[in-house]
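Undergrad: Have a peek at my_file00.pdb (PDB, C-alpha atoms (C1' of nucleotides)).
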```pdb
ATOM      1  CA  MET A   1      50.005 132.178  46.163  1.00  0.00           C
ATOM      2  CA  ALA A   2      47.935 129.676  44.198  1.00  0.00           C
ATOM      3  CA  TYR A   3      48.826 127.054  41.626  1.00  0.00           C
ATOM      4  CA  TRP A   4      47.038 126.063  38.420  1.00  0.00           C
ATOM      5  CA  LEU A   5      47.169 123.621  35.580  1.00  0.00           C
ATOM      6  CA  MET A   6      46.279 125.091  32.209  1.00  0.00           C
ATOM      7  CA  LYS A   7      45.665 122.978  29.102  1.00  0.00           C
ATOM      8  CA  SER A   8      46.768 123.998  25.662  1.00  0.00           C
ATOM      9  CA  GLU A   9      46.775 122.071  22.436  1.00  0.00           C
ATOM     10  CA  PRO A  10      50.389 122.236  21.269  1.00  0.00           C
ATOM     11  CA  ASP A  11      49.170 122.529  17.663  1.00  0.00           C
ATOM     12  CA  GLU A  12      47.668 125.859  18.760  1.00  0.00           C
ATOM     13  CA  VAL A  13      50.115 127.111  21.393  1.00  0.00           C
ATOM     14  CA  SER A  14      52.919 124.900  22.693  1.00  0.00           C
ATOM     15  CA  PHE A  15      55.188 125.596  25.639  1.00  0.00           C
ATOM     16  CA  ASP A  16      58.012 126.169  23.139  1.00  0.00           C
ATOM     17  CA  ASP A  17      55.867 128.842  21.496  1.00  0.00           C
ATOM     18  CA  VAL A  18      55.618 130.629  24.840  1.00  0.00           C
ATOM     19  CA  LEU A  19      59.378 130.348  25.410  1.00  0.00           C
ATOM     20  CA  ALA A  20      59.914 131.889  21.975  1.00  0.00           C
ATOM     21  CA  ALA A  21      57.436 134.737  22.497  1.00  0.00           C
ATOM     22  CA  PRO A  22      58.566 138.264  23.392  1.00  0.00           C
ATOM     23  CA  SER A  23      59.272 138.333  27.161  1.00  0.00           C
ATOM     24  CA  LYS A  24      58.290 134.625  27.064  1.00  0.00           C
ATOM     25  CA  THR A  25      54.745 135.835  27.580  1.00  0.00           C
ATOM     26  CA  VAL A  26      51.517 135.139  25.711  1.00  0.00           C
ATOM     27  CA  ALA A  27      47.866 136.015  26.193  1.00  0.00           C
ATOM     28  CA  TRP A  28      45.825 133.022  27.289  1.00  0.00           C
ATOM     29  CA  PHE A  29      42.737 133.345  25.117  1.00  0.00           C
ATOM     30  CA  GLY A  30      39.926 131.140  23.907  1.00  0.00           C
ATOM     31  CA  VAL A  31      38.609 129.879  27.233  1.00  0.00           C
ATOM     32  CA  ARG A  32      34.875 129.389  26.639  1.00  0.00           C
ATOM     33  CA  ASN A  33      33.848 127.608  29.788  1.00  0.00           C
ATOM     34  CA  TYR A  34      32.371 129.528  32.695  1.00  0.00           C
ATOM     35  CA  GLN A  35      34.038 127.582  35.450  1.00  0.00           C
ATOM     36  CA  ALA A  36      37.484 128.045  33.908  1.00  0.00           C
ATOM     37  CA  ARG A  37      36.725 131.695  33.225  1.00  0.00           C
ATOM     38  CA  ASN A  38      35.708 132.267  36.814  1.00  0.00           C
ATOM     39  CA  PHE A  39      39.011 130.856  38.027  1.00  0.00           C
ATOM     40  CA  MET A  40      40.818 133.429  35.890  1.00  0.00           C
ATOM     41  CA  ARG A  41      38.503 136.270  36.786  1.00  0.00           C
ATOM     42  CA  ASP A  42      38.073 135.670  40.509  1.00  0.00           C
ATOM     43  CA  GLN A  43      41.070 133.767  41.781  1.00  0.00           C
ATOM     44  CA  MET A  44      44.123 134.112  39.573  1.00  0.00           C
ATOM     45  CA  LYS A  45      46.765 136.601  40.613  1.00  0.00           C
ATOM     46  CA  ALA A  46      49.940 137.664  38.883  1.00  0.00           C
ATOM     47  CA  GLY A  47      52.704 135.443  40.190  1.00  0.00           C
ATOM     48  CA  ASP A  48      50.560 132.326  40.618  1.00  0.00           C
ATOM     49  CA  GLY A  49      52.264 129.138  39.443  1.00  0.00           C
ATOM     50  CA  VAL A  50      51.100 127.439  36.239  1.00  0.00           C
ATOM     51  CA  LEU A  51      51.695 123.919  34.989  1.00  0.00           C
ATOM     52  CA  PHE A  52      51.564 124.226  31.208  1.00  0.00           C
ATOM     53  CA  TYR A  53      49.818 121.072  29.980  1.00  0.00           C
ATOM     54  CA  HIS A  54      49.713 119.755  26.423  1.00  0.00           C
ATOM     55  CA  SER A  55      46.384 118.129  25.543  1.00  0.00           C
ATOM     56  CA  SER A  56      44.945 116.456  22.436  1.00  0.00           C
ATOM     57  CA  CYS A  57      48.331 115.353  21.203  1.00  0.00           C
ATOM     58  CA  ALA A  58      50.384 112.169  20.883  1.00  0.00           C
ATOM     59  CA  VAL A  59      51.784 112.302  24.423  1.00  0.00           C
ATOM     60  CA  PRO A  60      49.673 114.509  26.667  1.00  0.00           C
ATOM     61  CA  GLY A  61      51.426 115.840  29.766  1.00  0.00           C
ATOM     62  CA  VAL A  62      53.009 118.787  31.556  1.00  0.00           C
ATOM     63  CA  ALA A  63      55.431 120.496  29.176  1.00  0.00           C
ATOM     64  CA  GLY A  64      56.731 123.278  31.365  1.00  0.00           C
ATOM     65  CA  VAL A  65      56.380 125.616  34.298  1.00  0.00           C
ATOM     66  CA  ALA A  66      54.908 129.079  33.847  1.00  0.00           C
ATOM     67  CA  GLU A  67      53.367 131.851  35.884  1.00  0.00           C
ATOM     68  CA  VAL A  68      50.392 134.152  35.680  1.00  0.00           C
ATOM     69  CA  ALA A  69      51.776 137.454  34.410  1.00  0.00           C
ATOM     70  CA  SER A  70      48.800 139.814  34.495  1.00  0.00           C
ATOM     71  CA  GLY A  71      45.436 140.372  36.029  1.00  0.00           C
ATOM     72  CA  PRO A  72      42.275 139.407  34.121  1.00  0.00           C
ATOM     73  CA  TYR A  73      41.227 141.434  31.066  1.00  0.00           C
ATOM     74  CA  PRO A  74      38.686 140.914  28.264  1.00  0.00           C
ATOM     75  CA  ASP A  75      39.634 138.225  25.747  1.00  0.00           C
ATOM     76  CA  ALA A  76      39.997 140.095  22.438  1.00  0.00           C
ATOM     77  CA  SER A  77      39.031 137.102  20.314  1.00  0.00           C
ATOM     78  CA  GLN A  78      35.422 137.218  21.521  1.00  0.00           C
ATOM     79  CA  PHE A  79      34.935 140.463  19.550  1.00  0.00           C
ATOM     80  CA  ASP A  80      36.516 139.279  16.293  1.00  0.00           C
ATOM     81  CA  PRO A  81      33.970 137.881  13.812  1.00  0.00           C
ATOM     82  CA  LYS A  82      36.772 136.142  11.946  1.00  0.00           C
ATOM     83  CA  SER A  83      38.010 134.338  15.025  1.00  0.00           C
ATOM     84  CA  HIS A  84      37.126 130.774  15.816  1.00  0.00           C
ATOM     85  CA  TYR A  85      36.455 132.079  19.323  1.00  0.00           C
ATOM     86  CA  TYR A  86      34.063 134.831  18.248  1.00  0.00           C
ATOM     87  CA  ASP A  87      31.055 135.195  20.530  1.00  0.00           C
ATOM     88  CA  PRO A  88      28.189 137.200  19.014  1.00  0.00           C
ATOM     89  CA  LYS A  89      26.631 137.596  22.449  1.00  0.00           C
ATOM     90  CA  ALA A  90      29.673 139.403  23.839  1.00  0.00           C
ATOM     91  CA  SER A  91      30.200 143.141  23.413  1.00  0.00           C
ATOM     92  CA  GLU A  92      32.948 145.605  24.265  1.00  0.00           C
ATOM     93  CA  GLU A  93      30.565 147.065  26.840  1.00  0.00           C
ATOM     94  CA  GLN A  94      29.702 143.674  28.260  1.00  0.00           C
ATOM     95  CA  PRO A  95      32.540 141.262  27.649  1.00  0.00           C
ATOM     96  CA  ARG A  96      31.852 137.677  28.540  1.00  0.00           C
ATOM     97  CA  TRP A  97      35.276 136.038  28.271  1.00  0.00           C
ATOM     98  CA  ILE A  98      38.544 136.667  30.050  1.00  0.00           C
ATOM     99  CA  SER A  99      42.240 136.398  29.275  1.00  0.00           C
ATOM    100  CA  VAL A 100      45.312 136.511  31.453  1.00  0.00           C
ATOM    101  CA  ASP A 101      48.930 136.682  30.369  1.00  0.00           C
ATOM    102  CA  VAL A 102      51.073 133.618  30.972  1.00  0.00           C
ATOM    103  CA  LYS A 103      54.860 133.700  31.135  1.00  0.00           C
ATOM    104  CA  ALA A 104      57.144 130.691  30.656  1.00  0.00           C
ATOM    105  CA  VAL A 105      59.467 130.184  33.624  1.00  0.00           C
ATOM    106  CA  GLU A 106      61.197 126.834  33.334  1.00  0.00           C
ATOM    107  CA  GLU A 107      61.153 123.975  30.864  1.00  0.00           C
ATOM    108  CA  GLY A 108      62.154 120.913  32.883  1.00  0.00           C
ATOM    109  CA  SER A 109      61.694 117.419  31.555  1.00  0.00           C
ATOM    110  CA  TYR A 110      58.357 116.489  30.039  1.00  0.00           C
ATOM    111  CA  LEU A 111      55.976 114.757  32.447  1.00  0.00           C
ATOM    112  CA  PRO A 112      53.543 112.530  30.536  1.00  0.00           C
ATOM    113  CA  LEU A 113      49.986 112.035  31.749  1.00  0.00           C
ATOM    114  CA  SER A 114      50.636 108.290  31.916  1.00  0.00           C
ATOM    115  CA  GLU A 115      53.387 108.907  34.456  1.00  0.00           C
ATOM    116  CA  MET A 116      51.335 111.404  36.431  1.00  0.00           C
ATOM    117  CA  ARG A 117      48.806 108.638  36.971  1.00  0.00           C
ATOM    118  CA  THR A 118      51.483 106.551  38.678  1.00  0.00           C
ATOM    119  CA  MET A 119      52.517 109.268  41.148  1.00  0.00           C
ATOM    120  CA  PRO A 120      50.831 108.778  44.540  1.00  0.00           C
ATOM    121  CA  GLU A 121      51.194 112.496  45.367  1.00  0.00           C
ATOM    122  CA  LEU A 122      48.973 113.315  42.379  1.00  0.00           C
ATOM    123  CA  GLU A 123      46.207 110.840  43.161  1.00  0.00           C
ATOM    124  CA  ASP A 124      43.724 113.589  44.066  1.00  0.00           C
ATOM    125  CA  MET A 125      44.717 116.028  41.322  1.00  0.00           C
ATOM    126  CA  VAL A 126      41.611 117.477  39.645  1.00  0.00           C
ATOM    127  CA  LEU A 127      43.091 116.811  36.205  1.00  0.00           C
ATOM    128  CA  LEU A 128      43.274 113.095  36.922  1.00  0.00           C
ATOM    129  CA  GLN A 129      39.725 112.621  38.168  1.00  0.00           C
ATOM    130  CA  LYS A 130      37.345 110.620  36.012  1.00  0.00           C
ATOM    131  CA  GLY A 131      35.489 112.768  33.533  1.00  0.00           C
ATOM    132  CA  SER A 132      37.546 115.854  34.359  1.00  0.00           C
ATOM    133  CA  ARG A 133      38.058 118.003  31.293  1.00  0.00           C
ATOM    134  CA  LEU A 134      38.188 121.561  32.569  1.00  0.00           C
ATOM    135  CA  SER A 135      40.885 123.510  30.752  1.00  0.00           C
ATOM    136  CA  ILE A 136      41.985 125.270  33.944  1.00  0.00           C
ATOM    137  CA  THR A 137      42.159 123.375  37.220  1.00  0.00           C
ATOM    138  CA  PRO A 138      43.550 124.176  40.670  1.00  0.00           C
ATOM    139  CA  VAL A 139      46.709 122.443  41.854  1.00  0.00           C
ATOM    140  CA  THR A 140      47.611 122.058  45.525  1.00  0.00           C
ATOM    141  CA  ALA A 141      50.982 123.098  46.919  1.00  0.00           C
ATOM    142  CA  ALA A 142      51.855 119.446  47.531  1.00  0.00           C
ATOM    143  CA  GLN A 143      50.968 118.480  43.965  1.00  0.00           C
ATOM    144  CA  TRP A 144      52.937 121.423  42.626  1.00  0.00           C
ATOM    145  CA  LYS A 145      55.951 120.407  44.649  1.00  0.00           C
ATOM    146  CA  ALA A 146      55.790 116.795  43.437  1.00  0.00           C
ATOM    147  CA  VAL A 147      55.485 117.813  39.790  1.00  0.00           C
ATOM    148  CA  LEU A 148      58.365 120.281  39.965  1.00  0.00           C
ATOM    149  CA  LYS A 149      60.557 117.778  41.753  1.00  0.00           C
ATOM    150  CA  ARG A 150      59.966 115.257  39.001  1.00  0.00           C
ATOM    151  CA  MET A 151      60.479 117.796  36.196  1.00  0.00           C
ATOM    152  CA  ARG A 152      63.751 118.995  37.696  1.00  0.00           C
ATOM    153  CA  ALA A 153      65.004 115.479  38.341  1.00  0.00           C
ATOM    154  CA  GLY A 154      64.737 114.658  34.639  1.00  0.00           C
ATOM    155  CA  GLY A 155      63.029 111.643  33.055  1.00  0.00           C
TER
ATOM    156  C1'  DG B 156      37.774 107.427  14.640  1.00  0.00           C
ATOM    157  C1'  DC B 157      35.500 106.036  18.938  1.00  0.00           C
ATOM    158  C1'  DC B 158      33.150 107.134  22.831  1.00  0.00           C
ATOM    159  C1'  DA B 159      32.476 108.477  27.803  1.00  0.00           C
ATOM    160  C1'  DA B 160      31.650 112.408  30.227  1.00  0.00           C
ATOM    161  C1'  DC B 161      30.347 116.842  30.664  1.00  0.00           C
ATOM    162  C1'  DG B 162      28.393 121.564  29.334  1.00  0.00           C
ATOM    163  C1'  DT B 163      25.018 124.331  26.850  1.00  0.00           C
ATOM    164  C1'  DT B 164      20.782 125.265  24.535  1.00  0.00           C
ATOM    165  C1'  DG B 165      16.089 125.800  23.934  1.00  0.00           C
ATOM    166  C1'  DG B 166      11.294 124.037  23.819  1.00  0.00           C
ATOM    167  C1'  DC B 167       7.840 123.341  26.917  1.00  0.00           C
TER
ATOM    168  C1'  DG C 168      12.827 124.947  36.016  1.00  0.00           C
ATOM    169  C1'  DC C 169      13.101 120.477  33.626  1.00  0.00           C
ATOM    170  C1'  DC C 170      15.361 117.722  30.520  1.00  0.00           C
ATOM    171  C1'  DA C 171      16.248 115.892  25.809  1.00  0.00           C
ATOM    172  C1'  DA C 172      19.137 116.907  22.206  1.00  0.00           C
ATOM    173  C1'  DC C 173      23.146 118.459  20.734  1.00  0.00           C
ATOM    174  C1'  DG C 174      28.052 119.976  20.867  1.00  0.00           C
ATOM    175  C1'  DT C 175      32.691 119.623  22.830  1.00  0.00           C
ATOM    176  C1'  DT C 176      36.619 117.649  25.137  1.00  0.00           C
ATOM    177  C1'  DG C 177      40.282 114.704  25.134  1.00  0.00           C
ATOM    178  C1'  DG C 178      42.385 110.141  26.082  1.00  0.00           C
ATOM    179  C1'  DC C 179      42.875 106.078  23.796  1.00  0.00           C
TER
END
```
Kindly present the structure from the file in C-alpha coordinates form.
TA:
Amino acid sequence: MAYWLMKSEPDEVSFDDVLAAPSKTVAWFGVRNYQARNFMRDQMKAGDGVLFYHSSCAVPGVAGVAEVASGPYPDASQFDPKSHYYDPKASEEQPRWISVDVKAVEEGSYLPLSEMRTMPELEDMVLLQKGSRLSITPVTAAQWKAVLKRMRAGG
DNA sequence: GCCAACGTTGGC
DNA sequence: GCCAACGTTGGC
(Lines of atoms letter the chains of each structure in order from A and count residues from 1; the text may use other names and numbers.)
(Lines give C-alpha, C1' and ligand atoms only; values in the text may rest on other atoms or scores of the structure.)
Protein backbone atom coordinates (compact mmCIF):
# COMPACT_ATOMS: atom_id res chain seq x y z
CA MET A 1 0.00 0.00 0.00
CA ALA A 2 1.32 3.41 -1.01
CA TYR A 3 0.70 6.90 0.29
CA TRP A 4 0.26 10.18 -1.60
CA LEU A 5 -0.21 13.86 -1.08
CA MET A 6 -2.63 15.48 -3.50
CA LYS A 7 -3.03 19.25 -3.84
CA SER A 8 -6.34 20.93 -4.43
CA GLU A 9 -7.27 24.57 -4.38
CA PRO A 10 -10.08 24.77 -1.84
CA ASP A 11 -11.80 27.40 -4.01
CA GLU A 12 -12.15 24.61 -6.59
CA VAL A 13 -12.57 21.48 -4.46
CA SER A 14 -12.09 21.58 -0.69
CA PHE A 15 -11.91 18.62 1.67
CA ASP A 16 -15.34 19.65 2.98
CA ASP A 17 -16.66 19.40 -0.58
CA VAL A 18 -15.44 15.80 -0.72
CA LEU A 19 -17.02 15.01 2.67
CA ALA A 20 -20.30 16.42 1.36
CA ALA A 21 -20.19 14.51 -1.94
CA PRO A 22 -22.22 11.34 -2.52
CA SER A 23 -20.32 8.43 -0.90
CA LYS A 24 -17.77 11.11 0.12
CA THR A 25 -16.16 10.46 -3.24
CA VAL A 26 -15.14 12.77 -6.07
CA ALA A 27 -13.31 12.38 -9.36
CA TRP A 28 -9.83 13.88 -9.23
CA PHE A 29 -9.65 15.71 -12.54
CA GLY A 30 -7.61 18.48 -14.09
CA VAL A 31 -4.12 17.08 -13.59
CA ARG A 32 -2.15 18.40 -16.57
CA ASN A 33 1.36 17.43 -15.63
CA TYR A 34 2.91 14.25 -16.97
CA GLN A 35 4.78 13.28 -13.85
CA ALA A 36 1.65 13.59 -11.69
CA ARG A 37 -0.38 11.77 -14.33
CA ASN A 38 2.09 8.92 -14.42
CA PHE A 39 1.79 8.47 -10.67
CA MET A 40 -1.96 8.06 -11.08
CA ARG A 41 -1.71 5.86 -14.13
CA ASP A 42 1.17 3.60 -13.12
CA GLN A 43 1.35 3.48 -9.36
CA MET A 44 -1.90 4.41 -7.66
CA LYS A 45 -4.10 1.60 -6.44
CA ALA A 46 -7.52 1.69 -4.86
CA GLY A 47 -7.01 1.80 -1.12
CA ASP A 48 -3.82 3.88 -1.20
CA GLY A 49 -3.72 6.60 1.45
CA VAL A 50 -4.11 10.25 0.42
CA LEU A 51 -3.25 13.42 2.31
CA PHE A 52 -5.69 16.00 0.97
CA TYR A 53 -3.73 19.26 0.76
CA HIS A 54 -5.14 22.75 0.31
CA SER A 55 -2.93 24.97 -1.86
CA SER A 56 -3.13 28.57 -3.09
CA CYS A 57 -5.15 29.70 -0.12
CA ALA A 58 -4.71 31.75 3.06
CA VAL A 59 -3.37 28.86 5.15
CA PRO A 60 -2.04 26.07 2.96
CA GLY A 61 -1.84 22.65 4.62
CA VAL A 62 -3.25 19.15 4.96
CA ALA A 63 -7.01 19.39 5.41
CA GLY A 64 -7.93 15.74 5.72
CA VAL A 65 -7.22 12.10 5.10
CA ALA A 66 -8.61 10.34 2.04
CA GLU A 67 -8.04 7.24 -0.02
CA VAL A 68 -7.80 6.30 -3.66
CA ALA A 69 -11.19 4.83 -4.53
CA SER A 70 -10.81 3.64 -8.12
CA GLY A 71 -8.30 2.65 -10.71
CA PRO A 72 -7.19 5.16 -13.37
CA TYR A 73 -9.63 6.20 -16.10
CA PRO A 74 -9.67 8.98 -18.73
CA ASP A 75 -10.26 12.47 -17.33
CA ALA A 76 -13.55 13.59 -18.91
CA SER A 77 -12.66 17.28 -18.81
CA GLN A 78 -9.98 16.86 -21.48
CA PHE A 79 -12.73 16.22 -24.06
CA ASP A 80 -14.97 19.15 -23.11
CA PRO A 81 -14.31 22.28 -25.20
CA LYS A 82 -16.05 24.38 -22.57
CA SER A 83 -13.83 23.14 -19.78
CA HIS A 84 -10.86 25.06 -18.51
CA TYR A 85 -9.05 21.73 -18.71
CA TYR A 86 -9.92 21.04 -22.34
CA ASP A 87 -7.04 19.58 -24.34
CA PRO A 88 -7.51 19.78 -28.11
CA LYS A 89 -4.74 17.24 -28.61
CA ALA A 90 -6.57 14.57 -26.62
CA SER A 91 -9.21 12.32 -28.17
CA GLU A 92 -11.58 9.64 -26.90
CA GLU A 93 -9.48 7.14 -28.85
CA GLN A 94 -6.23 8.49 -27.46
CA PRO A 95 -6.84 10.11 -24.11
CA ARG A 96 -3.91 11.95 -22.63
CA TRP A 97 -5.06 12.73 -19.09
CA ILE A 98 -6.12 10.52 -16.22
CA SER A 99 -8.50 10.71 -13.28
CA VAL A 100 -8.92 8.58 -10.20
CA ASP A 101 -11.69 8.72 -7.63
CA VAL A 102 -10.79 10.00 -4.18
CA LYS A 103 -12.84 9.26 -1.07
CA ALA A 104 -12.72 11.27 2.16
CA VAL A 105 -11.89 9.09 5.16
CA GLU A 106 -11.16 11.27 8.17
CA GLU A 107 -11.08 14.99 8.85
CA GLY A 108 -8.68 15.40 11.77
CA SER A 109 -7.30 18.76 12.75
CA TYR A 110 -5.87 20.99 10.05
CA LEU A 111 -2.10 20.73 9.65
CA PRO A 112 -0.69 23.97 8.22
CA LEU A 113 2.31 23.95 5.90
CA SER A 114 4.13 26.22 8.34
CA GLU A 115 3.84 23.54 11.01
CA MET A 116 4.81 20.74 8.65
CA ARG A 117 8.08 22.56 8.11
CA THR A 118 8.82 22.30 11.83
CA MET A 119 8.26 18.53 12.03
CA PRO A 120 11.57 16.62 11.86
CA GLU A 121 9.81 13.49 10.55
CA LEU A 122 8.73 15.47 7.47
CA GLU A 123 12.13 16.95 6.65
CA ASP A 124 12.53 14.83 3.51
CA MET A 125 8.93 15.07 2.33
CA VAL A 126 8.80 15.80 -1.42
CA LEU A 127 6.22 18.54 -0.85
CA LEU A 128 8.64 20.46 1.35
CA GLN A 129 11.64 20.39 -0.97
CA LYS A 130 12.74 23.65 -2.53
CA GLY A 131 11.03 24.32 -5.83
CA SER A 132 8.69 21.35 -5.45
CA ARG A 133 5.31 22.09 -6.97
CA LEU A 134 4.05 18.77 -8.27
CA SER A 135 0.34 18.40 -7.55
CA ILE A 136 0.73 14.73 -6.62
CA THR A 137 3.71 13.57 -4.60
CA PRO A 138 4.63 10.30 -2.87
CA VAL A 139 4.58 10.12 0.92
CA THR A 140 6.57 7.55 2.90
CA ALA A 141 4.98 5.34 5.54
CA ALA A 142 6.91 7.19 8.24
CA GLN A 143 5.73 10.57 6.98
CA TRP A 144 2.18 9.30 6.75
CA LYS A 145 2.32 8.05 10.30
CA ALA A 146 3.67 11.36 11.62
CA VAL A 147 1.02 13.40 9.82
CA LEU A 148 -1.84 11.20 11.00
CA LYS A 149 -0.56 11.23 14.55
CA ARG A 150 -0.53 15.01 14.54
CA MET A 151 -3.96 15.30 12.89
CA ARG A 152 -5.52 12.91 15.40
CA ALA A 153 -3.85 14.59 18.37
CA GLY A 154 -5.54 17.89 17.50
CA GLY A 155 -3.89 21.30 17.15
C1' DG B 1 1.05 41.35 -6.69
C1' DC B 2 5.74 39.47 -6.63
C1' DC B 3 8.84 36.24 -7.99
C1' DA B 4 11.55 31.81 -7.80
C1' DA B 5 11.32 27.55 -9.74
C1' DC B 6 9.84 24.47 -12.89
C1' DG B 7 7.47 22.60 -17.22
C1' DT B 8 6.26 23.08 -22.07
C1' DT B 9 6.66 24.79 -26.66
C1' DG B 10 8.59 25.57 -30.94
C1' DG B 11 12.15 27.54 -34.03
C1' DC B 12 16.37 26.25 -35.63
C1' DG C 1 18.35 17.78 -29.74
C1' DC C 2 19.20 22.46 -27.98
C1' DC C 3 17.56 26.23 -25.64
C1' DA C 4 15.17 30.76 -25.35
C1' DA C 5 10.78 32.29 -24.51
C1' DC C 6 6.78 31.74 -22.42
C1' DG C 7 3.30 29.90 -19.12
C1' DT C 8 2.14 28.01 -14.59
C1' DT C 9 2.49 27.05 -9.73
C1' DG C 10 2.10 28.46 -5.26
C1' DG C 11 4.06 30.49 -1.00
C1' DC C 12 4.64 34.79 0.77
Undergrad: When you count all atoms listed in the file, which of these residues is closest to chain B: A:Leu134, A:Val68, A:Ala153, A:Val139?
TA: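 That would be A:Leu134, the residue with the smallest distance to chain B.
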Undergrad: Quick one: residues within 8 Å of C:DG177, only C-alpha atoms (C1' of nucleotides), excluding same-chain residues fewer than 4 positions away - as a PyMOL selection string?
TA: chain A and resi 55-56+133
Undergrad: Which chain C residues have any atom within 12 Å of an atom of chain A, and for each, what is the nearest pair of atoms with distance in Å to one decimal, counting only C-alpha atoms (C1' of nucleotides), rows sorted by chain and number, as JSON lines?
TA:
```
{"residue": "C:DT175", "atom": "C1'", "partner": "A:Arg133", "partner_atom": "CA", "distance": 10.2}
{"residue": "C:DT176", "atom": "C1'", "partner": "A:Arg133", "partner_atom": "CA", "distance": 6.3}
{"residue": "C:DG177", "atom": "C1'", "partner": "A:Ser56", "partner_atom": "CA", "distance": 5.7}
{"residue": "C:DG178", "atom": "C1'", "partner": "A:Ser56", "partner_atom": "CA", "distance": 7.7}
{"residue": "C:DC179", "atom": "C1'", "partner": "A:Ala58", "partner_atom": "CA", "distance": 10.1}
```
Undergrad: In the coordinate frame of the file, compute which residues have an atom within 9 Å of (62.4, 128.6, 33.2) when using all atoms listed in the file, and state them as a ChimeraX atom specification.
TA: /A:19,64-66,104-108
Undergrad: For a quick check of understanding, using all atoms listed in the file, which of A:Gly30, A:Gly49, A:Pro112, A:Pro120 has the smallest distance to A:Asp80?
TA: A:Gly30
Undergrad: Atom CA of A:Ala2 and atom CA of A:Asp17 are how many Å apart?
TA: 24.1 Å
Undergrad: What is the distance, in Å and to one decimal place, between atom CA of A:Leu128 and atom CA of A:Ser114?
TA: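 Straight-line distance from atom CA of A:Leu128 to atom CA of A:Ser114 works out to 10.1 Å.
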Undergrad: For the file shown, report as a PyMOL selection string the outcome of the PyMOL selection byres ((chain A and resi 29) around 6) at residue level.
TA: chain A and resi 27-28+30-31+75+99
Undergrad: Evaluate the PyMOL selection byres ((chain A and resi 101) around 6) here and jot the selected residues down as a PDB file with C-alpha atoms, in the coordinates of the input.
TA:
```pdb
ATOM      1  CA  VAL A  26      51.517 135.139  25.711  1.00  0.00           C
ATOM      2  CA  ALA A  27      47.866 136.015  26.193  1.00  0.00           C
ATOM      3  CA  TRP A  28      45.825 133.022  27.289  1.00  0.00           C
ATOM      4  CA  ALA A  69      51.776 137.454  34.410  1.00  0.00           C
ATOM      5  CA  SER A  70      48.800 139.814  34.495  1.00  0.00           C
ATOM      6  CA  VAL A 100      45.312 136.511  31.453  1.00  0.00           C
ATOM      7  CA  VAL A 102      51.073 133.618  30.972  1.00  0.00           C
TER       8      VAL A 102
END
```
Undergrad: Excluding A:Arg37 and residues on its chain fewer than 4 positions from it, collect all residues at most 9 Å away from it, counting only C-alpha atoms (C1' of nucleotides), and give them as a list in words.
TA: Val31, Arg32, Asn33, Arg41, Asp42, Trp97, Ile98, Ser99 and Ile136 of chain A
Undergrad: To one decimal place, how far is atom CA of A:Val18 from atom CA of A:Leu5 in Å?
TA: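 One can read the atom CA of A:Val18 to atom CA of A:Leu5 distance as 15.4 Å.
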Undergrad: Nearest residue to B:DC161 out of A:Lys130, A:Trp144, A:Glu93, A:Gly154, using all atoms listed in the file?
TA: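 Among the listed residues, the smallest separation from B:DC161 belongs to A:Lys130.
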